[in-house]
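Undergrad: You'll find my_file.cif just under this line, and it carries mmCIF, C-alpha atoms.
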data_final
loop_
_atom_site.group_PDB
_atom_site.id
_atom_site.type_symbol
_atom_site.label_atom_id
_atom_site.label_comp_id
_atom_site.auth_asym_id
_atom_site.auth_seq_id
_atom_site.Cartn_x
_atom_site.Cartn_y
_atom_site.Cartn_z
ATOM 1 C CA MET S 1 33.455 188.685 -50.113
ATOM 2 C CA ALA S 2 33.826 190.033 -53.646
ATOM 3 C CA ALA S 3 30.903 190.286 -56.006
ATOM 4 C CA GLN S 4 31.506 188.141 -59.079
ATOM 5 C CA ALA S 5 31.260 190.344 -62.164
ATOM 6 C CA THR S 6 29.143 189.427 -65.164
ATOM 7 C CA PHE S 7 31.386 191.281 -67.625
ATOM 8 C CA LYS S 8 34.519 189.832 -69.167
ATOM 9 C CA SER S 9 36.916 192.792 -68.918
ATOM 10 C CA ILE S 10 37.553 195.403 -66.244
ATOM 11 C CA LYS S 11 37.911 197.946 -69.090
ATOM 12 C CA SER S 12 34.121 197.898 -69.499
ATOM 13 C CA LEU S 13 33.642 199.198 -65.938
ATOM 14 C CA VAL S 14 33.428 203.000 -65.642
ATOM 15 C CA PRO S 15 33.216 204.398 -62.078
ATOM 16 C CA LEU S 16 30.502 206.975 -61.380
ATOM 17 C CA LEU S 17 30.853 210.329 -59.601
ATOM 18 C CA ASP S 18 33.924 210.401 -57.329
ATOM 19 C CA ARG S 19 34.528 206.650 -57.301
ATOM 20 C CA VAL S 20 38.019 205.281 -57.979
ATOM 21 C CA LEU S 21 38.650 201.734 -59.239
ATOM 22 C CA VAL S 22 41.920 200.290 -57.932
ATOM 23 C CA GLN S 23 43.807 197.023 -57.986
ATOM 24 C CA ARG S 24 45.769 196.254 -54.829
ATOM 25 C CA PHE S 25 49.372 195.132 -55.107
ATOM 26 C CA LYS S 26 49.777 191.430 -54.482
ATOM 27 C CA ALA S 27 51.978 190.353 -51.606
ATOM 28 C CA GLU S 28 55.190 188.652 -52.680
ATOM 29 C CA THR S 29 55.091 184.898 -52.145
ATOM 30 C CA LYS S 30 58.859 184.588 -52.439
ATOM 31 C CA THR S 31 61.550 186.612 -50.680
ATOM 32 C CA ALA S 32 64.567 188.155 -52.436
ATOM 33 C CA SER S 33 66.697 185.261 -51.184
ATOM 34 C CA GLY S 34 64.321 182.706 -52.760
ATOM 35 C CA ILE S 35 62.382 181.550 -49.682
ATOM 36 C CA PHE S 36 58.697 180.872 -50.383
ATOM 37 C CA LEU S 37 56.311 182.404 -47.840
ATOM 38 C CA PRO S 38 53.242 180.515 -46.573
ATOM 39 C CA THR S 39 49.836 181.768 -47.715
ATOM 40 C CA SER S 40 48.973 182.765 -44.135
ATOM 41 C CA ALA S 41 51.790 185.334 -44.268
ATOM 42 C CA THR S 42 50.572 186.811 -47.565
ATOM 43 C CA ASN S 43 46.799 186.919 -46.921
ATOM 44 C CA THR S 44 46.664 190.445 -45.472
ATOM 45 C CA PRO S 45 46.107 192.958 -48.283
ATOM 46 C CA LEU S 46 48.819 195.495 -48.937
ATOM 47 C CA PRO S 47 47.810 199.136 -48.430
ATOM 48 C CA GLU S 48 49.122 200.139 -51.867
ATOM 49 C CA ALA S 49 47.214 199.965 -55.143
ATOM 50 C CA THR S 50 47.265 201.132 -58.737
ATOM 51 C CA VAL S 51 44.380 203.276 -59.991
ATOM 52 C CA VAL S 52 42.684 201.553 -62.919
ATOM 53 C CA ALA S 53 39.883 204.057 -63.658
ATOM 54 C CA VAL S 54 38.273 207.131 -62.105
ATOM 55 C CA GLY S 55 34.859 208.744 -62.286
ATOM 56 C CA PRO S 56 34.344 212.314 -63.536
ATOM 57 C CA GLY S 57 33.941 213.740 -60.020
ATOM 58 C CA ALA S 58 31.099 214.642 -57.697
ATOM 59 C CA PRO S 59 29.096 217.886 -57.527
ATOM 60 C CA ASN S 60 29.735 220.218 -54.583
ATOM 61 C CA LYS S 61 26.995 222.227 -52.796
ATOM 62 C CA GLU S 62 26.877 224.745 -55.646
ATOM 63 C CA GLY S 63 26.469 221.966 -58.220
ATOM 64 C CA VAL S 64 29.959 222.393 -59.697
ATOM 65 C CA ILE S 65 31.680 219.091 -60.536
ATOM 66 C CA VAL S 66 34.831 218.639 -58.431
ATOM 67 C CA PRO S 67 37.193 216.270 -60.280
ATOM 68 C CA THR S 68 38.863 213.355 -58.519
ATOM 69 C CA THR S 69 42.350 213.966 -57.114
ATOM 70 C CA VAL S 70 43.897 210.864 -58.722
ATOM 71 C CA LYS S 71 44.054 209.584 -62.288
ATOM 72 C CA ALA S 72 44.449 206.177 -63.921
ATOM 73 C CA GLY S 73 47.960 204.810 -63.445
ATOM 74 C CA ASP S 74 48.609 206.581 -60.107
ATOM 75 C CA ARG S 75 49.908 204.573 -57.145
ATOM 76 C CA VAL S 76 47.860 205.243 -54.020
ATOM 77 C CA LEU S 77 47.820 204.394 -50.327
ATOM 78 C CA LEU S 78 44.551 202.822 -49.156
ATOM 79 C CA PRO S 79 42.980 202.454 -45.720
ATOM 80 C CA GLY S 80 42.984 198.985 -44.178
ATOM 81 C CA TRP S 81 39.188 198.835 -44.438
ATOM 82 C CA GLY S 82 36.486 199.854 -46.879
ATOM 83 C CA GLY S 83 36.052 199.714 -50.598
ATOM 84 C CA ASN S 84 33.721 197.465 -52.555
ATOM 85 C CA ALA S 85 35.385 194.351 -53.942
ATOM 86 C CA ILE S 86 34.723 193.331 -57.546
ATOM 87 C CA LYS S 87 36.097 190.100 -58.961
ATOM 88 C CA VAL S 88 36.680 189.725 -62.708
ATOM 89 C CA GLY S 89 37.941 186.240 -63.509
ATOM 90 C CA GLU S 90 40.787 185.599 -61.060
ATOM 91 C CA GLU S 91 41.587 189.309 -60.553
ATOM 92 C CA GLU S 92 40.120 191.347 -57.689
ATOM 93 C CA TYR S 93 39.507 195.095 -57.892
ATOM 94 C CA PHE S 94 38.114 197.601 -55.398
ATOM 95 C CA LEU S 95 35.937 200.705 -55.705
ATOM 96 C CA PHE S 96 36.725 203.498 -53.237
ATOM 97 C CA LYS S 97 35.416 207.026 -52.920
ATOM 98 C CA ASP S 98 38.066 209.601 -53.784
ATOM 99 C CA ALA S 99 37.974 210.969 -50.210
ATOM 100 C CA GLU S 100 38.741 207.506 -48.764
ATOM 101 C CA ILE S 101 42.126 207.311 -50.511
ATOM 102 C CA LEU S 102 44.797 208.313 -47.999
ATOM 103 C CA ALA S 103 47.612 209.494 -50.276
ATOM 104 C CA LYS S 104 49.101 209.469 -53.752
ATOM 105 C CA ILE S 105 52.536 207.812 -53.925
ATOM 106 C CA GLN S 106 55.047 209.776 -56.009
ATOM 107 C CA GLU S 107 58.396 208.228 -56.883
#
Once more with this new file: its structure as structure tokens, please.
TA:
Amino acid sequence: MAAQATFKSIKSLVPLLDRVLVQRFKAETKTASGIFLPTSATNTPLPEATVVAVGPGAPNKEGVIVPTTVKAGDRVLLPGWGGNAIKVGEEEYFLFKDAEILAKIQE
């Protein structure tokens, strides 16, 4: 269950340390041929997301800040579990640690 946010815009949320704020792609409710899919077929979240914001990075054992490996606007592949859900209005976002992101999608 997503925590309902008390702020009005996702732009006011700045991730800390090595956290990455993403928005998952929404499943298509209509096929290319025009057939509408039932909601039960589109309930499972897609593993792809767009990075909305990133934190500055986390310190390593020597205290040096290691920057995150992704940046805002990147498309990423997410695990099927994890992340903290945040709901702003009708939109749902997720916070993941940088190390939890499986891959960056380059096209």
Undergrad: Edge lengths and centre, in Å to one decimal, as lines of an AutoDock Vina configuration file: that's what I need for the box along x, y and z that holds all listed atoms of range 57-72 of chain S plus 6 Å on each side.
TA:
center_x = 35.5
center_y = 215.5
center_z = -58.4
size_x = 30.0
size_y = 30.6
size_z = 23.1
Undergrad: Output the residue selection produced by the PyMOL selection byres ((chain S and resi 69-85) around 6) on the file above, formatted as a list in words.
TA: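 Checking the PyMOL selection byres ((chain S and resi 69-85) around 6) against this file, the residues are Ala2, Pro47, Glu48, Ala49, Thr50, Val51, Val52, Ala53, Thr68, Ile86, Tyr93, Phe94, Leu95, Phe96, Ile101, Leu102, Ala103, Lys104 and Ile105 of chain S.
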Undergrad: Looking at S:Ile10, S:Gln106, S:Lys97, S:Asp18, which one is nearest to Gly57 in chain S, with distances taken over only C-alpha atoms?
TA: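 For Gly57 in chain S, the nearest of the given residues is S:Asp18.
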Undergrad: Choose the residue, out of S:Glu62, S:Asp98, S:Glu92, S:Glu107, that has the smallest atom-to-atom separation from Phe25 in chain S; count all atoms listed in the file.
TA: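 Closest to Phe25 in chain S, using all atoms listed in the file: S:Glu92.
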Undergrad: So what do you get for CA of Leu21 in chain S versus CA of Lys61 in chain S, distance-wise?
TA: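 These atoms are spaced 24.4 Å apart.
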Undergrad: Using all atoms listed in the file, can you tell me which of S:Ile65, S:Val88, S:Ala58, S:Ala99 comes closest to Ser12 in chain S?
TA: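 Between S:Ile65, S:Val88, S:Ala58, S:Ala99, the residue approaching Ser12 in chain S most closely is S:Val88.
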Undergrad: When you draw a straight line from CA of Leu16 in chain S to CA of Lys87 in chain S, how long is it in Å?
TA: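 If I compute the distance from CA of Leu16 in chain S to CA of Lys87 in chain S, I get 17.9 Å.
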Undergrad: Provide the CA of Glu90 in chain S to CA of Val54 in chain S distance in Å, to one decimal place.
TA: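 We find that CA of Glu90 in chain S and CA of Val54 in chain S lie 21.7 Å from each other.
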